[in-house]
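Asker: This is the structure, below, for whatever I ask next.
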Amino acid sequence: MSGNAILLDPTSELSPVAKQLLPRLRTLQDVTIGLLDISKPRGKEFLDAVATFLEARGATVNRYSKPTFTRIAPRELNQRISSECDAVIEGLAD
Amino acid sequence: MAEVHPSKYALVVKKACPTCILIEPVIRHLAASWGEDLTIYVQDEPDFLADLPSVVDDSALEFSYRSAIEIVPCLIDQSQAGASEDRVSGWDRNQWQQFTGIDSLGAGLTAFKPGCGSKTLDPGMQEQLMLRYGQHQFNARNIELAESEDELETCFERGWTDGLPVIPPTPIRVMRMLKDFDLDYQEVLGLLPPDNVPCTIEKVAINAVMAGCKPEYFPVVLASVRAALQDEFCMHGLLCTTYFSSPVMIVNGPVVRHIGMNCGINALGQGNRANATIGRTLQLLVRNVGGGKPGGIDRATMGNPGKYTYCFAEDESDPQWPSLAMDRGYHRNQSVISLFAGEGLQPILDQLSRTPESLSKSMASSLRSVAHVKRFGMADAILVVCPEHRRVLRDAGWSKEDLRRSLYDELMTPGSELLPGVGGMAEGMPEKLKDKLLNKFRDDGLHIVSTGGTAGMFSAIISGWVASGERGSQMVSQIID
């Protein structure tokens, strides 16, 4: 070993592996889109408008909401969305 | 250390010890009598007793450390290793004669001379030996710096700091942080947000070193992390919010005196190492282990200076004043840390009130400004009562509970006064509450703590997160072990 200084890594040491994106949707016709409301004020109005837009283009829209915006979504909710939808749009922030 | 055939007896000496020099005839007597049954370990000068065949250089102190030598000279019967009477230390002629079974041993020497401290106990040596030979090893990745690399600068460049310099976390410093505690370094305290990464005691110690903690602060740091990881505290949301808030820590109990925390003049300000570094450690952990950085997951619009560190102690000098920890069900002789999601400090200047009734009205009026004067039940708060205001209450026979009740009454407000548009302000409470009587704070949403110097009729408000309560963050407490 050389005499150089050694420091102990203070981080999580997560080596980020480049993730592959899922294939992008080519059309909105006959696909199911999940809309996730994180339970912030006015999120519903925004997502209502998004739903109208998507449905006009042939998509089926499923609505979901987190119990509270302060916590990450429960695992069961993530699993439900991933099993029921082809894609998801999350209404973040106010 | 050279390979040595284990002998029945081991003798540990150092040349710098006058007692070891004194008993040189004894050592030679034993070496002649026992031959290969004796190995002599020399801690310092390898030339000491060098003519004896059974001498081993233990300047690396491996044998001495593994044998837990505290005093030299030390003669060990290795066939009895681990037994409580497996050794004699220092020089006591009768004891040595009895231990060795040699009646004539040291006959010409003084009967008694105390030994010297083993080199293993020299200042700074324990942590080096623990690193080299100890049971506990670190799992963290070793980062070797280039010869030209500056230790402090590299911590900045790697993104490990809060913007101020940190102490470079060398293995020896981290071992020094941990060596006095019987801890499993790989114990996981919980998943640290936002990345939900297992947070080990070792990672806490590394970040405590960086924050500048002394080892004696470490139990408080561990308690603060355990508190932050309680679900009720909602560290994840607190970290992500656009609002100002971050963890505010209040320490109660004997530990405040033991580690010299400040609960007097400038208690919430700079200048006290324990106050400053304990609070900073949690912030560094969230950054480094949790992965929460401003502009990344931390989305605060402005943040607040308490995100560097926000930790203080309560002044518990008045036995009539129940501490925050006591309000939360603990006893005064327990050391406790409480975490609150809050920010900043809003002064309550009241230099004229000489009755509790007047003072309470002043405080209540100021408390209305938490988050927004027309927003009720949204953000919790801590009322920080200064010693002079405490005196006004005490002189009139008011208890802390009396103050709490009075504030509650003062803060009841008809919903009709808080509606959007009232006072020309669009902000306000929902229309449906117009006929209700509302309180500024939800039940258990106003905490009262006392600290600060004895001069100045200046109390203060630490305003809470607007997501206070079950839907967001509630104050949490943790006993400091």
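How things are named: the first chain in the structure tokens is A, the next is B, and so on; residues count from 1 in each chain; ligands count from 1 in the order shown.
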Please report, as a VMD selection string, each residue of chain A to which DSSP assigns strand (DSSP E) when run on this structure's backbone.

Answerer: chain A and resid 6 to 8 32 to 37 60 to 65 87 to 91

Asker: Write to file, as a PDB file, in the first residue's frame, the residues of the selection just made, with N, CA and C atoms.

Answerer:
```pdb
ATOM      1  N   ILE A   6      -6.006   7.773   3.092  1.00  0.00           N
ATOM      2  CA  ILE A   6      -7.205   6.978   2.814  1.00  0.00           C
ATOM      3  C   ILE A   6      -8.380   7.638   3.529  1.00  0.00           C
ATOM      4  N   LEU A   7      -9.473   7.800   2.812  1.00  0.00           N
ATOM      5  CA  LEU A   7     -10.710   8.278   3.433  1.00  0.00           C
ATOM      6  C   LEU A   7     -11.757   7.179   3.313  1.00  0.00           C
ATOM      7  N   LEU A   8     -12.649   7.112   4.302  1.00  0.00           N
ATOM      8  CA  LEU A   8     -13.759   6.160   4.229  1.00  0.00           C
ATOM      9  C   LEU A   8     -14.937   6.840   3.535  1.00  0.00           C
ATOM     10  N   THR A  32     -53.843   1.976 -21.910  1.00  0.00           N
ATOM     11  CA  THR A  32     -54.346   2.432 -20.604  1.00  0.00           C
ATOM     12  C   THR A  32     -53.284   3.303 -19.936  1.00  0.00           C
ATOM     13  N   ILE A  33     -53.718   4.507 -19.611  1.00  0.00           N
ATOM     14  CA  ILE A  33     -52.807   5.461 -18.969  1.00  0.00           C
ATOM     15  C   ILE A  33     -53.274   5.678 -17.525  1.00  0.00           C
ATOM     16  N   GLY A  34     -52.363   5.526 -16.588  1.00  0.00           N
ATOM     17  CA  GLY A  34     -52.689   5.816 -15.196  1.00  0.00           C
ATOM     18  C   GLY A  34     -52.382   7.274 -14.888  1.00  0.00           C
ATOM     19  N   LEU A  35     -53.264   7.924 -14.154  1.00  0.00           N
ATOM     20  CA  LEU A  35     -52.992   9.287 -13.685  1.00  0.00           C
ATOM     21  C   LEU A  35     -52.892   9.234 -12.163  1.00  0.00           C
ATOM     22  N   LEU A  36     -51.725   9.554 -11.643  1.00  0.00           N
ATOM     23  CA  LEU A  36     -51.510   9.464 -10.197  1.00  0.00           C
ATOM     24  C   LEU A  36     -51.557  10.848  -9.575  1.00  0.00           C
ATOM     25  N   ASP A  37     -52.553  11.042  -8.713  1.00  0.00           N
ATOM     26  CA  ASP A  37     -52.691  12.293  -7.971  1.00  0.00           C
ATOM     27  C   ASP A  37     -51.915  12.134  -6.667  1.00  0.00           C
ATOM     28  N   THR A  60     -57.604   4.782 -22.585  1.00  0.00           N
ATOM     29  CA  THR A  60     -58.401   4.542 -21.384  1.00  0.00           C
ATOM     30  C   THR A  60     -57.613   5.113 -20.207  1.00  0.00           C
ATOM     31  N   VAL A  61     -58.312   5.844 -19.349  1.00  0.00           N
ATOM     32  CA  VAL A  61     -57.607   6.494 -18.231  1.00  0.00           C
ATOM     33  C   VAL A  61     -58.026   5.871 -16.899  1.00  0.00           C
ATOM     34  N   ASN A  62     -57.062   5.460 -16.127  1.00  0.00           N
ATOM     35  CA  ASN A  62     -57.318   5.007 -14.744  1.00  0.00           C
ATOM     36  C   ASN A  62     -56.805   6.070 -13.778  1.00  0.00           C
ATOM     37  N   ARG A  63     -57.599   6.360 -12.755  1.00  0.00           N
ATOM     38  CA  ARG A  63     -57.164   7.377 -11.783  1.00  0.00           C
ATOM     39  C   ARG A  63     -56.694   6.717 -10.489  1.00  0.00           C
ATOM     40  N   TYR A  64     -55.603   7.230  -9.943  1.00  0.00           N
ATOM     41  CA  TYR A  64     -55.057   6.742  -8.663  1.00  0.00           C
ATOM     42  C   TYR A  64     -54.662   7.946  -7.827  1.00  0.00           C
ATOM     43  N   SER A  65     -54.588   7.719  -6.510  1.00  0.00           N
ATOM     44  CA  SER A  65     -54.054   8.808  -5.687  1.00  0.00           C
ATOM     45  C   SER A  65     -53.253   8.250  -4.511  1.00  0.00           C
ATOM     46  N   ALA A  87     -48.799   3.035 -19.179  1.00  0.00           N
ATOM     47  CA  ALA A  87     -47.943   4.174 -18.842  1.00  0.00           C
ATOM     48  C   ALA A  87     -48.615   4.943 -17.713  1.00  0.00           C
ATOM     49  N   VAL A  88     -47.831   5.768 -17.019  1.00  0.00           N
ATOM     50  CA  VAL A  88     -48.410   6.529 -15.913  1.00  0.00           C
ATOM     51  C   VAL A  88     -47.927   7.972 -15.980  1.00  0.00           C
ATOM     52  N   ILE A  89     -48.824   8.883 -15.631  1.00  0.00           N
ATOM     53  CA  ILE A  89     -48.466  10.296 -15.524  1.00  0.00           C
ATOM     54  C   ILE A  89     -48.722  10.706 -14.083  1.00  0.00           C
ATOM     55  N   GLU A  90     -47.720  11.321 -13.449  1.00  0.00           N
ATOM     56  CA  GLU A  90     -47.847  11.686 -12.040  1.00  0.00           C
ATOM     57  C   GLU A  90     -48.008  13.196 -11.925  1.00  0.00           C
ATOM     58  N   GLY A  91     -49.041  13.620 -11.191  1.00  0.00           N
ATOM     59  CA  GLY A  91     -49.281  15.052 -11.015  1.00  0.00           C
ATOM     60  C   GLY A  91     -48.460  15.589  -9.860  1.00  0.00           C
TER      61      GLY A  91
END
```

Asker: Gly296 (chain B): which residues within 12 Å, counting only C-alpha atoms, same-chain residues fewer than 6 positions away excluded, as JSON, numbers by chain?

Answerer: {"B": [194, 195, 239, 240, 241, 242, 287, 290]}

Asker: Per residue of chain A within 8 Å of chain B, note the shortest atom pair and the distance in Å to one decimal, counting only C-alpha atoms, and order the rows by chain and increasing residue number, as a tab-separated table.

Answerer:
```
residue	atom	partner	partner_atom	distance
A:Asn4	CA	B:Glu147	CA	5.9
A:Ala5	CA	B:Leu145	CA	5.5
A:Ile6	CA	B:Glu144	CA	4.5
A:Leu7	CA	B:Thr170	CA	4.5
A:Leu8	CA	B:Asn142	CA	5.0
A:Asp9	CA	B:Arg141	CA	5.3
A:Pro10	CA	B:Ile206	CA	5.7
A:Thr11	CA	B:Asn288	CA	4.5
A:Ser12	CA	B:Val289	CA	4.5
A:Glu13	CA	B:Arg141	CA	7.6
A:Thr68	CA	B:Arg471	CA	6.1
A:Phe69	CA	B:Gly237	CA	7.5
A:Thr70	CA	B:Gly237	CA	4.2
A:Arg71	CA	B:Gly237	CA	5.5
A:Ile72	CA	B:His236	CA	7.7
```

Asker: Excluding same-chain residues fewer than 3 positions from region 355-366 of chain B, what lies within 6 Å of it counting only C-alpha atoms, as a list in words?

Answerer: Ser369, Leu393 and Leu407 of chain B

Asker: With distances taken over only C-alpha atoms, which residue among B:Ser416, B:Lys400, B:Cys311, B:Met475 lies nearest Leu339 (chain B)?

Answerer: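 Under the stated criterion, the closest residue is B:Met475.
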
Asker: Determine which residues of chain A receive a DSSP assignment of helix (DSSP H, G or I), computed from the backbone, and state them as an MDAnalysis selection string.

Answerer: chainID A and resid 43:56 75:84

Asker: CA of Phe458 (chain B) and CA of Gly279 (chain B) are how many Å apart?

Answerer: 23.7 Å

Asker: Of the residues B:Gly115, B:Gly35, B:Gly469, B:Gly344, which is the one nearest to Ile382 (chain B), using only C-alpha atoms?

Answerer: B:Gly344

Asker: What's around Lys66 (chain A) at 8 Å? Count only C-alpha atoms, leave out sequence neighbours fewer than 4 positions away in its own chain, and write the answer as a list in words.

Answerer: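 Contacts, in chain order: Leu36, Asp37, Ile38, Ser39, Ala73, Pro74 and Leu77 of chain A.
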
Asker: Interatomic distance between CA of Asp409 (chain B) and CA of Glu314 (chain B)?

Answerer: 25.7 Å

Asker: Could you tell me which of A:Asp86, A:Thr27, A:Lys40, A:Gln79 comes closest to Gly58 (chain A) if we count only C-alpha atoms?

Answerer: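 Ranked by minimum distance to Gly58 (chain A), first place goes to A:Thr27.
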
Asker: Just want the 7 Å neighbourhood of region 438-453 of chain B, counted on only C-alpha atoms, with same-chain residues fewer than 6 positions away dropped. Output as a count of residues only.

Answerer: 25
